[in-house]
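Coordinates from input_4.csv are shown below (CSV, C-alpha atoms and all ligand atoms).
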```csv
chain,number,residue,atom,x,y,z
A,20,SER,CA,-47.9,-74.6,-172.7
A,21,LEU,CA,-49.4,-71.2,-171.9
A,22,SER,CA,-52.9,-71.3,-170.5
A,23,ILE,CA,-55.7,-68.9,-169.8
A,24,GLY,CA,-57.8,-69.3,-166.7
A,25,ILE,CA,-61.6,-68.7,-166.7
A,26,VAL,CA,-62.9,-67.0,-163.6
A,27,GLY,CA,-66.1,-65.2,-162.6
A,28,LEU,CA,-68.8,-65.2,-159.9
A,29,PRO,CA,-71.2,-68.2,-159.6
A,30,ASN,CA,-74.0,-68.4,-162.2
A,31,VAL,CA,-72.5,-66.1,-164.8
A,32,GLY,CA,-71.9,-68.8,-167.4
A,33,LYS,CA,-68.4,-70.0,-166.8
A,34,SER,CA,-69.3,-73.7,-167.0
A,35,THR,CA,-71.4,-73.1,-170.1
A,36,LEU,CA,-68.4,-71.4,-171.8
A,37,PHE,CA,-66.0,-74.1,-170.7
A,38,ASN,CA,-68.4,-76.8,-171.9
A,39,ALA,CA,-68.4,-75.1,-175.3
A,40,LEU,CA,-64.6,-75.0,-175.3
A,41,THR,CA,-64.5,-78.7,-174.3
A,42,LYS,CA,-66.8,-79.6,-177.1
A,43,ALA,CA,-64.6,-77.7,-179.6
A,44,GLN,CA,-61.6,-79.6,-178.2
A,45,ASN,CA,-63.2,-82.9,-178.6
A,46,ALA,CA,-64.3,-82.2,-182.1
A,47,GLN,CA,-60.7,-81.4,-183.0
A,48,ALA,CA,-59.2,-84.2,-180.9
A,49,ALA,CA,-58.1,-86.2,-183.9
A,50,ASN,CA,-55.7,-83.5,-184.9
A,51,TYR,CA,-54.1,-83.1,-181.4
A,52,PRO,CA,-53.3,-86.7,-180.3
A,53,PHE,CA,-50.4,-85.3,-178.2
A,54,CYS,CA,-52.8,-83.4,-175.9
A,55,THR,CA,-53.6,-85.0,-172.6
A,56,ILE,CA,-57.3,-84.8,-171.6
A,57,GLU,CA,-57.8,-83.2,-168.2
A,58,PRO,CA,-61.3,-82.4,-166.8
A,59,ASN,CA,-60.7,-78.7,-166.2
A,60,LYS,CA,-58.6,-78.1,-169.3
A,61,ALA,CA,-59.7,-77.5,-172.9
A,62,THR,CA,-57.1,-77.3,-175.6
A,63,VAL,CA,-58.5,-75.6,-178.7
A,64,ALA,CA,-57.1,-74.7,-182.1
A,65,VAL,CA,-56.5,-71.0,-182.9
A,66,PRO,CA,-58.4,-70.5,-186.2
A,67,ASP,CA,-56.1,-68.9,-188.8
A,68,LYS,CA,-57.1,-68.3,-192.4
A,69,ARG,CA,-53.4,-68.3,-193.4
A,70,VAL,CA,-53.1,-71.9,-192.2
A,71,ASP,CA,-56.2,-72.8,-194.3
A,72,ALA,CA,-54.6,-71.1,-197.3
A,73,LEU,CA,-51.3,-72.9,-196.9
A,74,THR,CA,-53.2,-76.1,-196.6
A,75,ALA,CA,-55.0,-75.5,-199.9
A,76,LYS,CA,-51.7,-74.7,-201.6
A,77,ALA,CA,-49.4,-77.4,-200.2
A,78,LYS,CA,-52.1,-80.1,-200.0
A,79,PRO,CA,-50.4,-81.8,-197.0
A,80,GLN,CA,-51.3,-85.1,-195.4
A,81,LYS,CA,-52.2,-83.2,-192.3
A,82,THR,CA,-52.6,-79.7,-190.9
A,83,ILE,CA,-52.0,-78.6,-187.3
A,84,HIS,CA,-53.2,-75.2,-186.0
A,85,ALA,CA,-51.7,-73.4,-183.1
A,86,SER,CA,-53.6,-74.1,-179.9
A,87,VAL,CA,-54.4,-72.4,-176.6
A,88,ASP,CA,-55.3,-74.1,-173.2
A,89,PHE,CA,-58.3,-72.8,-171.3
A,90,ILE,CA,-58.6,-73.8,-167.6
A,91,ASP,CA,-61.9,-73.7,-165.7
A,92,ILE,CA,-61.2,-72.2,-162.3
A,93,ALA,CA,-64.3,-72.4,-160.1
A,94,GLY,CA,-64.5,-71.2,-156.5
A,95,LEU,CA,-64.6,-67.4,-156.6
A,96,VAL,CA,-67.2,-65.9,-154.4
A,97,ARG,CA,-67.7,-62.5,-152.7
A,98,GLY,CA,-66.0,-62.4,-149.3
A,99,ALA,CA,-63.8,-65.5,-149.9
A,100,SER,CA,-60.7,-63.7,-148.7
A,101,LYS,CA,-62.5,-62.6,-145.4
A,102,GLY,CA,-63.3,-66.2,-144.5
A,103,GLU,CA,-61.0,-69.0,-145.2
A,104,GLY,CA,-59.7,-67.3,-148.3
A,105,LEU,CA,-59.7,-68.4,-151.8
A,106,GLY,CA,-59.1,-72.2,-151.8
A,107,ASN,CA,-55.5,-73.4,-152.2
A,108,GLN,CA,-56.5,-75.3,-155.3
A,109,PHE,CA,-58.0,-72.1,-156.8
A,110,LEU,CA,-54.8,-70.1,-156.1
A,111,ALA,CA,-52.4,-72.8,-157.3
A,112,THR,CA,-54.4,-73.1,-160.6
A,113,ILE,CA,-54.8,-69.5,-161.3
A,114,ARG,CA,-51.1,-68.7,-160.6
A,115,GLU,CA,-50.1,-71.1,-163.3
A,116,CYS,CA,-52.2,-69.3,-165.9
A,117,ALA,CA,-50.6,-66.6,-168.1
A,118,ALA,CA,-53.8,-64.7,-168.6
A,119,ILE,CA,-57.3,-64.6,-167.3
A,120,VAL,CA,-60.8,-64.5,-168.9
A,121,GLN,CA,-63.2,-62.9,-166.5
A,122,VAL,CA,-66.7,-63.9,-167.4
A,123,VAL,CA,-69.2,-61.3,-166.4
A,124,ARG,CA,-73.0,-61.7,-166.5
A,125,CYS,CA,-74.7,-59.3,-168.9
A,126,PHE,CA,-78.0,-61.2,-169.3
A,127,GLU,CA,-81.1,-61.0,-167.2
A,128,ASP,CA,-83.0,-64.1,-166.4
A,129,GLU,CA,-85.5,-64.3,-163.5
A,130,ASN,CA,-84.9,-68.1,-163.2
A,131,ILE,CA,-81.2,-67.8,-162.7
A,132,THR,CA,-80.2,-66.2,-159.4
A,133,HIS,CA,-77.6,-63.5,-159.4
A,134,VAL,CA,-75.5,-64.0,-156.2
A,135,ASP,CA,-75.6,-60.3,-155.5
A,136,GLY,CA,-79.3,-59.6,-156.3
A,137,GLY,CA,-79.3,-58.1,-159.8
A,138,VAL,CA,-77.2,-57.9,-162.9
A,139,ASN,CA,-74.5,-55.3,-162.6
A,140,PRO,CA,-71.3,-55.9,-164.5
A,141,LEU,CA,-69.2,-53.1,-162.9
A,142,ARG,CA,-70.0,-54.2,-159.4
A,143,ASP,CA,-69.3,-57.8,-160.3
A,144,VAL,CA,-65.9,-56.9,-161.7
A,145,GLU,CA,-65.1,-54.9,-158.6
A,146,THR,CA,-66.1,-57.9,-156.4
A,147,ILE,CA,-63.9,-60.3,-158.3
A,148,GLU,CA,-61.0,-58.0,-158.5
A,149,THR,CA,-61.1,-57.2,-154.8
A,150,GLU,CA,-60.9,-60.9,-154.0
A,151,LEU,CA,-58.0,-61.3,-156.4
A,152,LEU,CA,-56.2,-58.3,-155.0
A,153,LEU,CA,-56.6,-59.5,-151.4
A,154,ALA,CA,-55.2,-62.9,-152.4
A,155,ASP,CA,-52.2,-61.1,-153.9
A,156,LEU,CA,-51.8,-59.0,-150.8
A,157,GLN,CA,-51.6,-62.1,-148.6
A,158,SER,CA,-48.9,-63.7,-150.8
A,159,VAL,CA,-46.9,-60.5,-150.8
A,160,GLU,CA,-47.2,-60.2,-147.1
A,161,LYS,CA,-45.9,-63.7,-146.6
A,162,ARG,CA,-43.0,-63.2,-149.0
A,163,LEU,CA,-42.1,-59.9,-147.3
A,164,GLU,CA,-41.8,-61.6,-143.9
A,165,LYS,CA,-39.5,-64.2,-145.5
A,166,LEU,CA,-37.3,-61.5,-147.1
A,167,GLN,CA,-37.2,-59.5,-143.8
A,168,LYS,CA,-35.8,-62.6,-142.0
A,169,MET,CA,-33.2,-63.1,-144.7
A,170,ALA,CA,-32.4,-59.3,-144.7
A,171,LYS,CA,-30.5,-59.7,-141.4
A,172,GLY,CA,-27.8,-61.6,-143.1
A,173,SER,CA,-27.9,-60.2,-146.6
A,174,LYS,CA,-27.7,-56.7,-148.2
A,175,ASP,CA,-29.3,-58.1,-151.3
A,176,ALA,CA,-32.3,-59.5,-149.4
A,177,LYS,CA,-32.6,-56.2,-147.5
A,178,ALA,CA,-32.9,-54.2,-150.7
A,179,ALA,CA,-35.4,-56.8,-152.1
A,180,ALA,CA,-37.5,-56.5,-148.8
A,181,GLU,CA,-37.7,-52.8,-149.2
A,182,LEU,CA,-38.9,-53.2,-152.8
A,183,MET,CA,-41.4,-55.8,-151.6
A,184,GLN,CA,-42.7,-53.3,-149.1
A,185,GLY,CA,-43.3,-50.9,-151.9
A,186,LEU,CA,-45.3,-53.5,-153.8
A,187,LEU,CA,-47.3,-54.1,-150.7
A,188,ALA,CA,-48.1,-50.4,-150.4
A,189,HIS,CA,-49.1,-50.4,-154.0
A,190,LEU,CA,-51.6,-53.2,-153.5
A,191,ASN,CA,-52.8,-51.7,-150.3
A,192,ASP,CA,-53.8,-48.7,-152.4
A,193,GLY,CA,-56.1,-51.0,-154.3
A,194,LYS,CA,-54.0,-51.0,-157.4
A,195,PRO,CA,-53.4,-54.2,-159.4
A,196,ALA,CA,-49.9,-55.6,-159.5
A,197,ALA,CA,-49.8,-55.0,-163.2
A,198,GLY,CA,-49.3,-51.3,-162.7
A,199,PHE,CA,-46.3,-51.7,-160.4
A,200,ALA,CA,-43.1,-50.4,-162.0
A,201,LEU,CA,-40.7,-53.4,-161.8
A,202,PRO,CA,-37.3,-52.5,-160.2
A,203,ASP,CA,-34.0,-53.7,-161.5
A,204,ASN,CA,-33.2,-56.1,-158.7
A,205,GLU,CA,-32.8,-59.8,-159.4
A,206,THR,CA,-33.7,-61.0,-155.9
A,207,PHE,CA,-36.9,-59.0,-156.0
A,208,LEU,CA,-37.7,-60.2,-159.6
A,209,ALA,CA,-37.1,-63.8,-158.7
A,210,SER,CA,-39.7,-63.4,-155.9
A,211,TRP,CA,-42.0,-61.6,-158.2
A,212,ARG,CA,-41.9,-64.5,-160.8
A,213,GLU,CA,-42.4,-67.1,-158.1
A,214,LEU,CA,-45.4,-65.4,-156.6
A,215,GLY,CA,-47.2,-65.4,-160.0
A,216,LEU,CA,-49.4,-62.5,-158.8
A,217,ILE,CA,-52.9,-62.8,-160.1
A,218,THR,CA,-53.5,-59.1,-160.6
A,219,ALA,CA,-50.3,-58.9,-162.7
A,220,LYS,CA,-51.8,-61.1,-165.4
A,221,PRO,CA,-53.5,-59.7,-168.5
A,222,VAL,CA,-57.3,-59.9,-168.4
A,223,ILE,CA,-59.9,-60.4,-171.1
A,224,TYR,CA,-63.3,-59.2,-170.0
A,225,CYS,CA,-66.0,-61.5,-171.4
A,226,ALA,CA,-69.5,-60.2,-171.5
A,227,ASN,CA,-72.0,-63.1,-171.4
A,228,VAL,CA,-75.3,-62.1,-173.0
A,229,ASP,CA,-78.5,-63.8,-174.0
A,230,GLU,CA,-79.4,-64.7,-177.5
A,231,ALA,CA,-81.3,-61.5,-178.0
A,232,ALA,CA,-78.3,-59.3,-177.4
A,233,VAL,CA,-75.7,-61.3,-179.2
A,234,ALA,CA,-75.6,-59.2,-182.3
A,235,ASP,CA,-76.1,-55.7,-180.9
A,236,GLY,CA,-75.2,-56.0,-177.2
A,237,ASN,CA,-77.0,-54.1,-174.5
A,238,ALA,CA,-76.4,-51.4,-171.8
A,239,PHE,CA,-74.6,-53.9,-169.6
A,240,VAL,CA,-72.2,-54.8,-172.4
A,241,ASP,CA,-71.5,-51.1,-173.1
A,242,ASP,CA,-70.5,-50.7,-169.4
A,243,LEU,CA,-68.1,-53.6,-169.5
A,244,ARG,CA,-66.7,-52.7,-172.9
A,245,ALA,CA,-65.9,-49.2,-171.6
A,246,LEU,CA,-64.3,-50.6,-168.5
A,247,ALA,CA,-62.1,-52.9,-170.6
A,248,ALA,CA,-61.1,-50.0,-172.9
A,249,GLY,CA,-60.2,-47.8,-170.0
A,250,ARG,CA,-57.9,-50.5,-168.7
A,251,LYS,CA,-56.5,-51.3,-172.2
A,252,ALA,CA,-57.6,-54.9,-171.6
A,253,GLY,CA,-59.1,-57.5,-174.0
A,254,PHE,CA,-62.8,-57.6,-174.5
A,255,ALA,CA,-65.3,-60.1,-176.1
A,256,CYS,CA,-69.1,-60.3,-176.1
A,257,ILE,CA,-70.5,-63.8,-176.4
A,258,CYS,CA,-73.6,-65.8,-175.6
A,259,ALA,CA,-72.2,-68.8,-173.8
A,260,LYS,CA,-75.4,-70.8,-174.3
A,261,LEU,CA,-75.4,-70.2,-178.0
A,262,GLU,CA,-71.7,-71.2,-178.2
A,263,GLU,CA,-72.5,-74.5,-176.5
A,264,GLU,CA,-75.3,-75.2,-178.9
A,265,LEU,CA,-73.1,-74.2,-181.9
A,266,GLN,CA,-70.3,-76.6,-180.9
A,267,GLY,CA,-72.7,-79.5,-181.1
A,268,LEU,CA,-73.5,-78.9,-184.7
A,269,PRO,CA,-71.7,-79.8,-188.0
A,270,GLU,CA,-69.8,-76.9,-189.6
A,271,GLU,CA,-72.3,-75.9,-192.2
A,272,GLU,CA,-75.1,-75.7,-189.7
A,273,GLN,CA,-72.9,-73.6,-187.4
A,274,ALA,CA,-72.5,-71.1,-190.2
A,275,GLU,CA,-76.3,-71.0,-190.8
A,276,MET,CA,-77.0,-70.5,-187.1
A,277,LEU,CA,-74.5,-67.7,-186.8
A,278,THR,CA,-76.1,-66.0,-189.8
A,279,SER,CA,-79.6,-66.4,-188.3
A,280,TYR,CA,-78.3,-64.5,-185.2
A,281,GLY,CA,-76.7,-61.8,-187.3
A,282,ILE,CA,-73.1,-62.5,-186.3
A,283,GLU,CA,-70.2,-63.3,-188.6
A,284,GLU,CA,-68.0,-65.3,-186.3
A,285,SER,CA,-68.5,-67.5,-183.2
A,286,GLY,CA,-67.7,-65.9,-179.9
A,287,LEU,CA,-65.5,-68.8,-179.1
A,288,VAL,CA,-63.3,-67.9,-182.0
A,289,ARG,CA,-63.1,-64.3,-180.8
A,290,ILE,CA,-62.2,-65.4,-177.3
A,291,ILE,CA,-59.5,-67.8,-178.5
A,292,ARG,CA,-58.0,-65.2,-180.8
A,293,THR,CA,-58.1,-62.4,-178.2
A,294,GLY,CA,-56.5,-64.8,-175.8
A,295,TYR,CA,-53.7,-65.7,-178.1
A,296,ALA,CA,-53.0,-62.0,-178.8
A,297,THR,CA,-53.3,-61.1,-175.1
A,298,LEU,CA,-50.6,-63.7,-174.3
A,299,GLY,CA,-48.2,-61.9,-176.7
A,300,LEU,CA,-48.1,-64.9,-179.0
A,301,CYS,CA,-47.7,-65.2,-182.7
A,302,SER,CA,-47.2,-68.0,-185.2
A,303,TYR,CA,-44.7,-69.0,-187.8
A,304,PHE,CA,-45.4,-71.8,-190.3
A,305,THR,CA,-43.8,-74.9,-191.7
A,306,ALA,CA,-45.3,-76.1,-194.9
A,307,GLY,CA,-44.7,-79.2,-197.0
A,308,PRO,CA,-46.3,-82.2,-198.5
A,309,ASP,CA,-46.4,-84.0,-195.2
A,310,GLU,CA,-47.7,-81.3,-192.9
A,311,VAL,CA,-48.7,-77.7,-192.7
A,312,ARG,CA,-48.3,-76.5,-189.2
A,313,ALA,CA,-48.5,-73.3,-187.1
A,314,TRP,CA,-45.9,-73.0,-184.4
A,315,THR,CA,-46.5,-70.7,-181.4
A,316,ILE,CA,-43.8,-68.3,-180.3
A,317,HIS,CA,-43.6,-65.0,-178.4
A,318,GLN,CA,-43.5,-61.8,-180.4
A,319,GLY,CA,-39.8,-60.8,-180.6
A,320,TRP,CA,-38.2,-64.3,-180.5
A,321,LYS,CA,-35.2,-64.9,-182.6
A,322,ALA,CA,-34.8,-67.7,-185.1
A,323,PRO,CA,-32.9,-70.3,-182.9
A,324,GLN,CA,-35.5,-69.9,-180.0
A,325,ALA,CA,-38.3,-70.2,-182.5
A,326,ALA,CA,-36.7,-73.4,-183.9
A,327,GLY,CA,-36.5,-74.8,-180.4
A,328,VAL,CA,-40.3,-75.0,-180.3
A,329,ILE,CA,-40.1,-77.8,-183.0
A,330,HIS,CA,-37.2,-79.6,-181.3
A,331,THR,CA,-34.5,-78.6,-178.8
A,332,ASP,CA,-31.9,-80.0,-181.2
A,333,PHE,CA,-33.0,-77.3,-183.7
A,334,GLU,CA,-32.1,-74.6,-181.2
A,335,ARG,CA,-28.9,-76.1,-180.0
A,336,GLY,CA,-27.5,-76.9,-183.5
A,337,PHE,CA,-29.1,-73.9,-185.3
A,338,ILE,CA,-27.1,-72.9,-188.4
A,339,ARG,CA,-29.5,-70.7,-190.4
A,340,ALA,CA,-33.1,-70.4,-191.5
A,341,GLU,CA,-34.7,-70.0,-194.9
A,342,VAL,CA,-37.6,-67.6,-194.6
A,343,ILE,CA,-40.5,-66.8,-197.0
A,344,SER,CA,-43.2,-64.3,-195.9
A,345,PHE,CA,-46.7,-65.8,-196.0
A,346,GLU,CA,-47.7,-63.3,-198.8
A,347,ASP,CA,-44.7,-64.3,-201.0
A,348,TYR,CA,-45.3,-68.0,-200.4
A,349,MET,CA,-48.9,-67.6,-201.5
A,350,SER,CA,-48.2,-65.5,-204.6
A,351,HIS,CA,-45.5,-67.7,-206.0
A,352,GLU,CA,-45.9,-71.0,-207.8
A,353,SER,CA,-43.5,-72.9,-205.5
A,354,GLU,CA,-40.6,-72.6,-203.1
A,355,ALA,CA,-38.2,-72.9,-206.1
A,356,ALA,CA,-40.0,-69.9,-207.7
A,357,CYS,CA,-39.6,-68.0,-204.4
A,358,ARG,CA,-35.9,-68.8,-204.5
A,359,ALA,CA,-35.5,-67.8,-208.2
A,360,ASP,CA,-37.4,-64.5,-207.5
A,361,GLY,CA,-35.2,-63.6,-204.5
A,362,VAL,CA,-38.0,-63.6,-201.9
A,363,LEU,CA,-36.6,-66.7,-200.1
A,364,ARG,CA,-34.3,-65.1,-197.5
A,365,VAL,CA,-31.4,-66.8,-195.6
A,366,GLU,CA,-31.4,-65.5,-192.1
A,367,GLY,CA,-29.0,-66.1,-189.2
A,368,LYS,CA,-29.3,-66.5,-185.4
A,369,ASP,CA,-30.2,-62.8,-184.8
A,370,TYR,CA,-33.2,-62.8,-187.1
A,371,VAL,CA,-36.4,-61.8,-185.2
A,372,VAL,CA,-39.1,-64.1,-186.5
A,373,ARG,CA,-42.2,-62.3,-187.8
A,374,ASP,CA,-45.8,-63.4,-187.5
A,375,GLY,CA,-46.6,-65.4,-190.6
A,376,ASP,CA,-43.1,-66.4,-191.7
A,377,VAL,CA,-42.9,-69.7,-193.5
A,378,MET,CA,-39.6,-71.3,-192.3
A,379,HIS,CA,-37.1,-74.1,-192.9
A,380,PHE,CA,-34.3,-74.6,-190.4
A,381,LEU,CA,-30.9,-75.9,-191.1
A,382,PHE,CA,-29.1,-77.3,-188.1
A,383,ASN,CA,-26.3,-79.6,-186.9
A,384,VAL,CA,-27.1,-82.7,-184.9
A,401,LIG,P1,-71.2,-70.7,-163.7
A,401,LIG,O1,-71.7,-70.9,-162.3
A,401,LIG,O2,-70.6,-69.4,-163.8
A,401,LIG,O3,-70.4,-71.8,-164.2
A,401,LIG,O4,-72.6,-70.6,-164.6
A,401,LIG,P2,-73.2,-71.7,-165.5
A,401,LIG,O5,-72.5,-71.8,-166.8
A,401,LIG,O6,-73.5,-72.9,-164.8
A,401,LIG,O7,-74.6,-70.9,-165.9
A,401,LIG,C1,-75.5,-70.6,-164.9
A,401,LIG,C2,-76.9,-70.6,-165.5
A,401,LIG,O8,-77.0,-69.6,-166.4
A,401,LIG,C3,-77.2,-71.9,-166.3
A,401,LIG,O9,-78.6,-72.3,-166.0
A,401,LIG,C4,-77.0,-71.5,-167.7
A,401,LIG,O10,-77.8,-72.3,-168.6
A,401,LIG,C5,-77.4,-70.1,-167.7
A,401,LIG,N1,-76.7,-69.3,-168.7
A,401,LIG,C6,-75.4,-69.3,-169.1
A,401,LIG,N2,-75.2,-68.5,-170.1
A,401,LIG,C7,-76.3,-68.0,-170.4
A,401,LIG,C8,-76.7,-67.0,-171.4
A,401,LIG,O11,-76.0,-66.6,-172.3
A,401,LIG,N3,-78.1,-66.7,-171.5
A,401,LIG,C9,-79.0,-67.2,-170.6
A,401,LIG,N4,-80.3,-66.8,-170.7
A,401,LIG,N5,-78.6,-68.1,-169.6
A,401,LIG,C10,-77.3,-68.5,-169.6
```

In structure tokens, how does this file's structure come out?
Amino acid sequence: SLSIGIVGLPNVGKSTLFNALTKAQNAQAANYPFCTIEPNKATVAVPDKRVDALTAKAKPQKTIHASVDFIDIAGLVRGASKGEGLGNQFLATIRECAAIVQVVRCFEDENITHVDGGVNPLRDVETIETELLLADLQSVEKRLEKLQKMAKGSKDAKAAAELMQGLLAHLNDGKPAAGFALPDNETFLASWRELGLITAKPVIYCANVDEAAVADGNAFVDDLRALAAGRKAGFACICAKLEEELQGLPEEEQAEMLTSYGIEESGLVRIIRTGYATLGLCSYFTAGPDEVRAWTIHQGWKAPQAAGVIHTDFERGFIRAEVISFEDYMSHESEAACRADGVLRVEGKDYVVRDGDVMHFLFNV
């Protein structure tokens, strides 16, 4: 499944945030028996009020939310690429991730050393992104050499090598791979996909503040928010320490604690939701007496592909889907009432599934 990697300089609060996510995972573990436990991975439910509403209505035996995987990727320090480079483990792990949460220190604390002397979010972002860019430069250089060797025997590889040269120049200008206009060349694109360039991935900037700034932020947070906005990137302001404490409490006490800090929603929830959206994901639902469940798909997927998330047989043998919008489902007494009222639609293989659709699939085995 799609995962989001957590990166940042040392002592910014990555482990604290990851611990909070792991606690959230463990509290939910009963609902996700199919998830394997790995030390650097936390699989957490994506909170969704619609799933709660469907549950209240359908009264199923069990409810399963959509989930997102967060991966703790330690090992990023200033100058890494000048020495031995970012570790192979770091690179392999981050390349597998579909998006990145960059934790940036926005709290002052005399007792916690900042690796570069003082708190300065914009400098820290620059430090991290320089290292990531250098790592991408190295992988593109290697790939270019390979393509150039192949280019002697193949026109196709020659064209791809020239395009790769263009990408190298782009990175050498200090620009992230995300801004590179992808050419229409399958050999190049195959290389591009295999490389999994880090600076091509969407980023969520996460300001980590202390308890005092959690409601209203501070000047550091403003800087980081402006940077994120300028890059049209995701942004969230959290207090990792508070999140870790929250996750150890029963639900009612969590709500009380949030209120006492003047915030409506836990930062973890905001990170999880922002992550889900940043990955370009949305949910459709199945609802019945056995189970209410959110299924994760990409925005724009058609009905058969969406059905394939439940079971590959559903995709292969897809006949049609019965679809009720979430709103119609909630405002009618039952599915029979939806049918009688004409709001249950029968859709074919070209139907683009919408976020919030309640679906039944009919298929051949
Ligand atoms: P990492 O090296 O990025 O994984 O950072 P850690 O999560 O280990 O945090 C480094 C130190 O900062 C620890 O002593 C944390 O308790 C502390 N810390 C983390 N988040 C916060 C925060 O929001 N406020 C304050 N005051 N300290 C924090």

Selection as a VMD selection string: residues within 12 Å of (-77.5, -64.4, -178.7), counting all atoms listed in the file: chain A and resid 125 to 126 226 to 237 256 to 265 276 to 282 285 to 286

Which residue of A:Leu190, A:Ala180, A:Ile223, A:Ala200 approaches Val26 of chain A most closely, using only C-alpha atoms: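 Looking only at the distances to Val26 of chain A, the closest residue turns out to be A:Ile223.
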
Residues near segment 140-157 of chain A, cut-off 7 Å, all atoms listed in the file, skip fewer than 6 positions along chain, as a PyMOL selection string: chain A and resi 27+97+99-100+123-125+187+190+195+216-218+239+243

From A:Ala118, A:Ile92, A:Leu214, A:Ile23, residue lying nearest Val63 of chain A [all atoms listed in the file]: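 Nearest to Val63 of chain A: A:Ile23.
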
Among the residues A:Ala247, A:Val371, A:Ala111, A:Cys225, the one that comes closest to ligand LIG 401 (chain A) [using all atoms listed in the file]: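 Smallest separation from ligand LIG 401 (chain A) among the options: A:Cys225.
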
Just add N, CA and C atoms to segment 191-208 of chain A and send it as an mmCIF file, keeping the file's coordinate frame.
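The resulting file, selection-v2.cif, is shown below:
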```cif
data_model
loop_
_atom_site.group_PDB
_atom_site.id
_atom_site.type_symbol
_atom_site.label_atom_id
_atom_site.label_comp_id
_atom_site.auth_asym_id
_atom_site.auth_seq_id
_atom_site.Cartn_x
_atom_site.Cartn_y
_atom_site.Cartn_z
ATOM 1 N N ASN A 191 -51.974 -52.242 -151.370
ATOM 2 C CA ASN A 191 -52.800 -51.700 -150.300
ATOM 3 C C ASN A 191 -53.599 -50.474 -150.765
ATOM 4 N N ASP A 192 -53.081 -49.785 -151.778
ATOM 5 C CA ASP A 192 -53.800 -48.700 -152.400
ATOM 6 C C ASP A 192 -54.935 -49.137 -153.286
ATOM 7 N N GLY A 193 -55.087 -50.449 -153.406
ATOM 8 C CA GLY A 193 -56.100 -51.000 -154.300
ATOM 9 C C GLY A 193 -55.742 -51.071 -155.718
ATOM 10 N N LYS A 194 -54.442 -50.945 -156.000
ATOM 11 C CA LYS A 194 -54.000 -51.000 -157.400
ATOM 12 C C LYS A 194 -53.510 -52.389 -157.765
ATOM 13 N N PRO A 195 -53.860 -52.868 -158.946
ATOM 14 C CA PRO A 195 -53.400 -54.200 -159.400
ATOM 15 C C PRO A 195 -51.877 -54.216 -159.564
ATOM 16 N N ALA A 196 -51.308 -55.409 -159.352
ATOM 17 C CA ALA A 196 -49.900 -55.600 -159.500
ATOM 18 C C ALA A 196 -49.360 -55.206 -160.868
ATOM 19 N N ALA A 197 -50.235 -55.320 -161.863
ATOM 20 C CA ALA A 197 -49.800 -55.000 -163.200
ATOM 21 C C ALA A 197 -49.299 -53.612 -163.392
ATOM 22 N N GLY A 198 -49.761 -52.669 -162.566
ATOM 23 C CA GLY A 198 -49.300 -51.300 -162.700
ATOM 24 C C GLY A 198 -48.044 -50.967 -161.917
ATOM 25 N N PHE A 199 -47.474 -51.956 -161.244
ATOM 26 C CA PHE A 199 -46.300 -51.700 -160.400
ATOM 27 C C PHE A 199 -45.045 -51.673 -161.328
ATOM 28 N N ALA A 200 -44.275 -50.580 -161.218
ATOM 29 C CA ALA A 200 -43.100 -50.400 -162.000
ATOM 30 C C ALA A 200 -41.996 -51.393 -161.507
ATOM 31 N N LEU A 201 -41.607 -52.369 -162.303
ATOM 32 C CA LEU A 201 -40.700 -53.400 -161.800
ATOM 33 C C LEU A 201 -39.269 -52.818 -161.672
ATOM 34 N N PRO A 202 -38.675 -52.994 -160.475
ATOM 35 C CA PRO A 202 -37.300 -52.500 -160.200
ATOM 36 C C PRO A 202 -36.282 -53.420 -160.844
ATOM 37 N N ASP A 203 -35.083 -52.904 -160.979
ATOM 38 C CA ASP A 203 -34.000 -53.700 -161.500
ATOM 39 C C ASP A 203 -33.229 -54.367 -160.405
ATOM 40 N N ASN A 204 -33.842 -55.370 -159.807
ATOM 41 C CA ASN A 204 -33.200 -56.100 -158.700
ATOM 42 C C ASN A 204 -33.554 -57.547 -158.792
ATOM 43 N N GLU A 205 -32.532 -58.350 -159.047
ATOM 44 C CA GLU A 205 -32.800 -59.800 -159.400
ATOM 45 C C GLU A 205 -33.450 -60.529 -158.289
ATOM 46 N N THR A 206 -33.094 -60.266 -157.048
ATOM 47 C CA THR A 206 -33.700 -61.000 -155.900
ATOM 48 C C THR A 206 -35.204 -60.688 -155.862
ATOM 49 N N PHE A 207 -35.529 -59.406 -156.017
ATOM 50 C CA PHE A 207 -36.900 -59.000 -156.000
ATOM 51 C C PHE A 207 -37.657 -59.703 -157.196
ATOM 52 N N LEU A 208 -37.031 -59.624 -158.372
ATOM 53 C CA LEU A 208 -37.700 -60.200 -159.600
ATOM 54 C C LEU A 208 -37.894 -61.664 -159.487
#
```
